[in-house]
>>> print(open('my_file.txt').read())   # compact mmCIF, C-alpha atoms
# COMPACT_ATOMS: atom_id res chain seq x y z
CA MET A 1 81.12 93.79 112.14
CA PHE A 2 83.43 92.66 109.37
CA LEU A 3 82.27 92.80 105.81
CA PRO A 4 84.76 91.38 103.34
CA GLY A 5 85.04 92.80 99.91
CA GLY A 6 85.28 96.33 98.72
CA PRO A 7 84.08 98.75 96.12
CA LYS A 8 82.37 97.43 93.03
CA GLY A 9 81.88 94.01 94.57
CA ALA A 10 85.50 93.09 95.15
CA SER A 11 85.60 89.57 96.46
CA PRO A 12 86.98 88.59 99.84
CA GLY A 13 90.73 88.29 99.61
CA ALA A 14 90.82 90.22 96.36
CA GLN A 15 94.38 90.36 95.08
CA ARG A 16 96.09 92.95 92.92
CA LYS A 17 99.25 92.65 90.84
CA GLY A 18 102.50 93.74 92.46
CA SER A 19 101.74 92.51 95.97
CA PRO A 20 101.62 89.03 97.47
CA VAL A 21 98.22 89.69 99.06
CA ASN A 22 95.72 92.55 99.05
CA HIS A 23 92.36 92.71 100.72
CA ASP A 24 89.57 95.26 100.96
CA PHE A 25 87.64 95.70 104.19
CA ILE A 26 84.37 97.58 104.63
CA LEU A 27 84.22 98.70 108.27
CA PRO A 28 80.80 100.17 109.02
CA ASP A 29 81.63 101.38 112.53
CA GLU A 30 84.28 101.71 115.23
CA GLN A 31 83.54 98.17 116.44
CA ALA A 32 84.47 96.79 113.01
CA THR A 33 87.69 98.83 113.00
CA ALA A 34 88.50 97.40 116.43
CA ALA A 35 87.78 93.88 115.14
CA LEU A 36 90.32 94.32 112.34
CA GLY A 37 92.90 95.67 114.81
CA ALA A 38 92.24 92.81 117.22
CA ALA A 39 92.58 90.24 114.41
CA LEU A 40 95.96 91.72 113.46
CA GLY A 41 96.98 91.68 117.13
CA HIS A 42 95.91 88.08 117.67
CA ALA A 43 97.74 87.04 114.48
CA LEU A 44 100.98 88.75 115.50
CA PRO A 45 102.29 86.08 117.94
CA ALA A 46 102.30 83.57 115.08
CA ARG A 47 104.72 85.94 113.31
CA ALA A 48 107.16 85.90 116.26
CA ALA A 49 109.95 84.35 114.17
CA ASP A 50 109.53 87.11 111.56
CA VAL A 51 109.62 89.80 114.25
CA THR A 52 112.70 88.29 115.90
CA THR A 53 114.57 87.87 112.62
CA HIS A 54 113.47 90.92 110.61
CA GLY A 55 111.01 93.05 112.60
CA LEU A 56 107.67 94.07 111.08
CA VAL A 57 106.54 97.45 109.74
CA LEU A 58 102.85 98.36 109.46
CA GLY A 59 102.07 101.50 107.45
CA LEU A 60 98.80 103.32 108.22
CA SER A 61 97.63 105.94 105.73
CA GLY A 62 94.43 107.96 105.55
CA ASP A 63 92.82 111.21 106.57
CA LEU A 64 92.71 112.57 110.10
CA GLY A 65 90.06 110.76 112.10
CA ALA A 66 89.90 107.82 109.70
CA GLY A 67 90.55 105.22 112.43
CA LYS A 68 94.31 104.60 112.30
CA THR A 69 94.91 105.10 116.02
CA ALA A 70 91.73 103.21 116.92
CA LEU A 71 93.01 100.22 114.94
CA VAL A 72 96.41 100.33 116.68
CA ARG A 73 94.68 100.61 120.06
CA ALA A 74 92.66 97.43 119.35
CA LEU A 75 95.78 95.66 118.07
CA LEU A 76 97.64 96.51 121.29
CA ARG A 77 94.69 95.47 123.47
CA ALA A 78 94.73 92.09 121.71
CA LEU A 79 98.42 91.82 122.63
CA GLY A 80 97.60 92.45 126.29
CA VAL A 81 98.29 96.18 126.71
CA ARG A 82 95.96 97.42 129.45
CA GLY A 83 97.12 100.98 130.10
CA PRO A 84 96.39 104.06 128.02
CA VAL A 85 97.01 103.81 124.29
CA LYS A 86 97.44 107.39 123.12
CA SER A 87 97.82 108.86 119.68
CA PRO A 88 101.47 109.74 119.14
CA THR A 89 100.54 112.84 117.10
CA PHE A 90 102.36 115.26 119.41
CA ALA A 91 104.97 112.92 120.90
CA LEU A 92 105.74 111.32 117.48
CA LEU A 93 106.37 107.97 119.20
CA GLU A 94 104.64 105.87 121.85
CA PRO A 95 106.59 102.75 122.86
CA TYR A 96 104.94 99.59 124.22
CA PRO A 97 107.41 96.98 125.47
CA LEU A 98 105.73 93.59 125.44
CA SER A 99 107.09 90.34 126.81
CA SER A 100 108.35 88.99 123.50
CA LEU A 101 108.77 92.13 121.37
CA ASN A 102 108.90 95.90 121.33
CA PHE A 103 105.98 97.69 119.71
CA TYR A 104 106.55 101.26 118.51
CA HIS A 105 103.62 103.42 117.42
CA PHE A 106 104.75 106.39 115.31
CA ASP A 107 102.80 109.33 113.90
CA PHE A 108 104.62 111.45 111.32
CA TYR A 109 101.74 113.83 110.56
CA ARG A 110 103.68 116.81 111.91
CA PHE A 111 106.78 116.16 109.80
CA GLY A 112 107.20 118.86 107.19
CA ALA A 113 109.95 117.09 105.23
CA PRO A 114 111.35 113.55 104.97
CA ALA A 115 114.68 114.74 106.43
CA GLU A 116 112.97 115.15 109.81
CA PHE A 117 112.76 111.35 110.06
CA SER A 118 116.52 111.04 109.71
CA SER A 119 117.25 113.78 112.24
CA ALA A 120 114.77 112.33 114.78
CA GLY A 121 116.91 109.20 115.18
CA PHE A 122 114.05 106.73 114.74
CA ARG A 123 115.71 104.59 112.06
CA ASP A 124 117.41 102.32 114.62
CA LEU A 125 114.00 101.28 115.99
CA PHE A 126 113.09 99.66 112.66
CA ALA A 127 115.07 96.55 113.53
CA PRO A 128 114.76 92.86 114.40
CA GLY A 129 112.70 92.29 117.53
CA ASN A 130 110.51 95.34 116.91
CA VAL A 131 107.08 95.94 115.41
CA CYS A 132 106.64 99.48 114.10
CA ALA A 133 103.17 100.85 113.34
CA VAL A 134 103.55 104.09 111.39
CA GLU A 135 100.78 106.61 110.85
CA TRP A 136 101.41 108.96 107.92
CA PRO A 137 104.36 107.00 106.45
CA GLU A 138 104.10 109.05 103.25
CA ARG A 139 105.46 112.06 105.17
CA VAL A 140 108.93 110.50 105.32
CA GLY A 141 109.02 109.05 101.80
CA ASP A 142 111.70 106.52 101.00
CA ARG A 143 113.63 107.20 104.22
CA LEU A 144 111.25 104.86 106.01
CA PRO A 145 112.16 101.18 105.78
CA ALA A 146 109.83 99.37 103.41
CA PRO A 147 106.61 98.37 105.16
CA ASP A 148 105.53 94.74 105.31
CA LEU A 149 101.85 95.66 105.35
CA VAL A 150 100.10 98.94 104.45
CA LEU A 151 96.55 99.78 105.50
CA THR A 152 94.96 102.70 103.65
CA PHE A 153 91.84 104.14 105.29
CA ARG A 154 89.16 106.01 103.34
CA VAL A 155 86.18 107.60 105.05
CA MET A 156 82.84 106.71 103.46
CA ASP A 157 79.32 107.95 104.15
CA ALA A 158 78.83 105.04 106.52
CA GLY A 159 82.07 103.77 107.99
CA ARG A 160 85.47 103.18 106.50
CA HIS A 161 86.95 101.40 103.52
CA VAL A 162 90.38 99.93 104.30
CA THR A 163 92.66 98.54 101.64
CA ALA A 164 95.30 96.22 103.04
CA ALA A 165 98.34 95.71 100.81
CA ALA A 166 101.01 93.23 101.81
CA ARG A 167 104.38 94.34 100.48
CA THR A 168 106.40 91.36 101.68
CA GLU A 169 105.80 87.67 102.28
CA ARG A 170 105.93 88.42 106.03
CA GLY A 171 103.18 91.00 105.62
CA ALA A 172 101.15 88.61 103.46
CA ALA A 173 101.31 85.85 106.07
CA TRP A 174 100.29 88.30 108.82
CA LEU A 175 97.37 89.63 106.76
CA GLN A 176 96.18 86.15 105.78
CA GLN A 177 96.16 85.04 109.42
CA ALA A 178 94.19 88.14 110.42
CA ILE A 179 91.65 87.56 107.63
CA ALA A 180 91.26 83.94 108.72
CA ARG A 181 90.53 85.08 112.28
CA MET A 182 87.90 87.54 111.07
CA THR A 183 86.12 85.18 108.70
CA ARG A 184 85.89 82.06 110.80
CA PRO A 185 82.61 81.59 112.66
CA SER A 186 82.75 82.39 116.33
CA ALA A 187 82.27 79.65 118.91
CA SER A 188 78.90 81.17 119.80
CA THR A 189 77.55 80.72 116.25
CA PRO A 190 75.65 77.42 116.00
CA PRO A 191 76.70 75.24 113.06
CA THR A 192 74.42 75.17 110.05
CA PRO A 193 72.63 71.81 109.73
CA PRO A 194 73.82 69.84 106.64
CA ASP A 195 70.33 69.76 105.10
CA ALA A 196 69.80 73.52 105.41
CA ALA A 197 70.62 75.07 102.06
>>> encode(input="my_file.txt", output="structure tokens")
Amino acid sequence: MFLPGGPKGASPGAQRKGSPVNHDFILPDEQATAALGAALGHALPARAADVTTHGLVLGLSGDLGAGKTALVRALLRALGVRGPVKSPTFALLEPYPLSSLNFYHFDFYRFGAPAEFSSAGFRDLFAPGNVCAVEWPERVGDRLPAPDLVLTFRVMDAGRHVTAAARTERGAAWLQQAIARMTRPSASTPPTPPDAA
């Protein structure tokens, strides 16, 4: 279930200064987290020109167990990945070659210093034609290319609060398309009669 908004009654599509688009999501359960991931996955093909020309970087921050890998798993399923989608915590990187792009899922939790990013040789993967989803981007500081979209997960008593912050116009367009997918009524929802108010 998707519930737009955020703390203290933030409205759907709430924007903050300094970013083209920000949005708060209240995700009450794993199904809602998967719905957000799927919406991002379904919106990604429309960003094909951005991926081909610039690549896309998705930053994923939050505590252990907050739902970062679950979101990436749902995103990849929406893109057609059928095999296992593992957390890259120990491997640092799980690659997923898709027909029109390369998707790289990173997890930098185990990095002790930003210099480890440089010595790992990952920088070349942040390139045109590639989508890079990065868990724990803060562990590599400014060595990581600037993300297009950052999702920050916070665990709440019931579910998760996710703040999505677009950092580029590419990230803003991707986020807006995902929000549109999540907020439009499904085909199974009967239309509301005009006289029902």
>>> closest_residue(input="my_file.txt", among="A:Ala78, A:Ala66, A:Ala43, A:Val21", to="Arg154 of chain A", atoms="only C-alpha atoms")
A:Ala66
>>> closest_residue(input="my_file.txt", among="A:Asp157, A:Asp148, A:Asp142, A:Glu116", to="Gly59 of chain A", atoms="all atoms listed in the file")
A:Asp148
>>> atom_distance(input="my_file.txt", atom1="atom CA of Arg184 of chain A", atom2="atom CA of Ala39 of chain A")
11.2 Å
>>> closest_residue(input="my_file.txt", among="A:Ala74, A:Ala127, A:Arg143, A:Leu79", to="Pro45 of chain A", atoms="all atoms listed in the file")
A:Leu79
>>> atom_distance(input="my_file.txt", atom1="atom CA of Trp174 of chain A", atom2="atom CA of Leu149 of chain A")
8.3 Å
>>> axis_aligned_box(input="my_file.txt", around="segment 80-90 of chain A", padding_each_side="6 Å", output="AutoDock Vina command-line options")
--center_x 99.2 --center_y 103.9 --center_z 123.6 --size_x 18.4 --size_y 34.8 --size_z 25.0
>>> atom_distance(input="my_file.txt", atom1="atom CA of Pro97 of chain A", atom2="atom CA of Ala46 of chain A")
17.7 Å
>>> closest_residue(input="my_file.txt", among="A:Pro137, A:Pro147, A:Gly129, A:Gly171", to="Thr53 of chain A", atoms="all atoms listed in the file")
A:Gly129
>>> residues_around(input="my_file.txt", residues="Gly141 of chain A", least_positions_apart="6", cutoff="10 Å", atoms="all atoms listed in the file", output="PyMOL selection string")
chain A and resi 113-115+117
>>> closest_atom_pairs(input="my_file.txt", of="segment 33-114 of chain A", to="segment 160-170 of chain A", cutoff="10 Å", atoms="only C-alpha atoms", output="JSON lines")
{"residue": "A:Thr33", "atom": "CA", "partner": "A:Arg160", "partner_atom": "CA", "distance": 8.1}
{"residue": "A:Leu36", "atom": "CA", "partner": "A:Val162", "partner_atom": "CA", "distance": 9.8}
{"residue": "A:Arg47", "atom": "CA", "partner": "A:Arg170", "partner_atom": "CA", "distance": 7.8}
{"residue": "A:Ala49", "atom": "CA", "partner": "A:Arg170", "partner_atom": "CA", "distance": 9.9}
{"residue": "A:Asp50", "atom": "CA", "partner": "A:Arg170", "partner_atom": "CA", "distance": 6.7}
{"residue": "A:Val51", "atom": "CA", "partner": "A:Arg170", "partner_atom": "CA", "distance": 9.1}
{"residue": "A:His54", "atom": "CA", "partner": "A:Arg170", "partner_atom": "CA", "distance": 9.2}
{"residue": "A:Gly55", "atom": "CA", "partner": "A:Arg170", "partner_atom": "CA", "distance": 9.5}
{"residue": "A:Leu56", "atom": "CA", "partner": "A:Arg170", "partner_atom": "CA", "distance": 7.8}
{"residue": "A:Val57", "atom": "CA", "partner": "A:Arg170", "partner_atom": "CA", "distance": 9.8}
{"residue": "A:Leu58", "atom": "CA", "partner": "A:Ala166", "partner_atom": "CA", "distance": 9.4}
{"residue": "A:Gly59", "atom": "CA", "partner": "A:Ala165", "partner_atom": "CA", "distance": 9.6}
{"residue": "A:Leu60", "atom": "CA", "partner": "A:Ala164", "partner_atom": "CA", "distance": 9.5}
{"residue": "A:Ser61", "atom": "CA", "partner": "A:Val162", "partner_atom": "CA", "distance": 9.5}
{"residue": "A:Gly62", "atom": "CA", "partner": "A:Val162", "partner_atom": "CA", "distance": 9.1}
{"residue": "A:Ala66", "atom": "CA", "partner": "A:Arg160", "partner_atom": "CA", "distance": 7.2}
{"residue": "A:Gly67", "atom": "CA", "partner": "A:Arg160", "partner_atom": "CA", "distance": 8.1}
>>> residues_around(input="my_file.txt", residues="Leu75 of chain A", least_positions_apart="5", cutoff="10 Å", atoms="only C-alpha atoms", output="ChimeraX atom specification")
/A:34-44,69-70,80-81
>>> residues_around(input="my_file.txt", residues="segment 84-88 of chain A", least_positions_apart="2", cutoff="8 Å", atoms="all atoms listed in the file", output="tab-separated table (two decimals) with C-alpha atoms, in the coordinates of the input")
chain	number	residue	atom	x	y	z
A	69	THR	CA	94.91	105.10	116.02
A	73	ARG	CA	94.68	100.61	120.06
A	76	LEU	CA	97.64	96.51	121.29
A	82	ARG	CA	95.96	97.42	129.45
A	90	PHE	CA	102.36	115.26	119.41
A	91	ALA	CA	104.97	112.92	120.90
A	92	LEU	CA	105.74	111.32	117.48
A	93	LEU	CA	106.37	107.97	119.20
A	94	GLU	CA	104.64	105.87	121.85
A	105	HIS	CA	103.62	103.42	117.42
A	106	PHE	CA	104.75	106.39	115.31
A	107	ASP	CA	102.80	109.33	113.90
>>> closest_residue(input="my_file.txt", among="A:Met156, A:Val131, A:Ala172, A:Leu125", to="Thr52 of chain A", atoms="all atoms listed in the file")
A:Val131
>>> decode(input="my_file.txt", residues="segment 26-56 of chain A", atoms="C-alpha atoms", output="PDB file, in the first residue's frame")
ATOM      1  CA  ILE A  26       5.045   6.186   4.194  1.00  0.00           C
ATOM      2  CA  LEU A  27       5.491   2.464   3.537  1.00  0.00           C
ATOM      3  CA  PRO A  28       3.562   0.472   6.135  1.00  0.00           C
ATOM      4  CA  ASP A  29       4.860  -2.954   5.076  1.00  0.00           C
ATOM      5  CA  GLU A  30       7.132  -4.893   2.731  1.00  0.00           C
ATOM      6  CA  GLN A  31       4.430  -4.895   0.050  1.00  0.00           C
ATOM      7  CA  ALA A  32       4.450  -1.083   0.004  1.00  0.00           C
ATOM      8  CA  THR A  33       8.252  -1.061  -0.251  1.00  0.00           C
ATOM      9  CA  ALA A  34       7.987  -3.460  -3.185  1.00  0.00           C
ATOM     10  CA  ALA A  35       5.368  -1.207  -4.806  1.00  0.00           C
ATOM     11  CA  LEU A  36       7.758   1.760  -4.670  1.00  0.00           C
ATOM     12  CA  GLY A  37      10.574  -0.357  -6.126  1.00  0.00           C
ATOM     13  CA  ALA A  38       8.302  -1.665  -8.877  1.00  0.00           C
ATOM     14  CA  ALA A  39       7.141   1.867  -9.734  1.00  0.00           C
ATOM     15  CA  LEU A  40      10.763   2.978 -10.078  1.00  0.00           C
ATOM     16  CA  GLY A  41      11.476  -0.088 -12.222  1.00  0.00           C
ATOM     17  CA  HIS A  42       8.483   0.468 -14.484  1.00  0.00           C
ATOM     18  CA  ALA A  43       9.428   4.148 -14.872  1.00  0.00           C
ATOM     19  CA  LEU A  44      13.036   3.367 -15.813  1.00  0.00           C
ATOM     20  CA  PRO A  45      12.468   2.417 -19.499  1.00  0.00           C
ATOM     21  CA  ALA A  46      11.069   5.903 -20.104  1.00  0.00           C
ATOM     22  CA  ARG A  47      14.462   7.214 -18.939  1.00  0.00           C
ATOM     23  CA  ALA A  48      16.341   5.129 -21.544  1.00  0.00           C
ATOM     24  CA  ALA A  49      17.747   8.212 -23.284  1.00  0.00           C
ATOM     25  CA  ASP A  50      19.087   9.497 -19.941  1.00  0.00           C
ATOM     26  CA  VAL A  51      20.668   6.120 -19.185  1.00  0.00           C
ATOM     27  CA  THR A  52      22.236   5.878 -22.641  1.00  0.00           C
ATOM     28  CA  THR A  53      23.591   9.432 -22.562  1.00  0.00           C
ATOM     29  CA  HIS A  54      24.532   9.901 -18.900  1.00  0.00           C
ATOM     30  CA  GLY A  55      23.745   6.778 -16.872  1.00  0.00           C
ATOM     31  CA  LEU A  56      21.676   7.009 -13.675  1.00  0.00           C
TER      32      LEU A  56
END
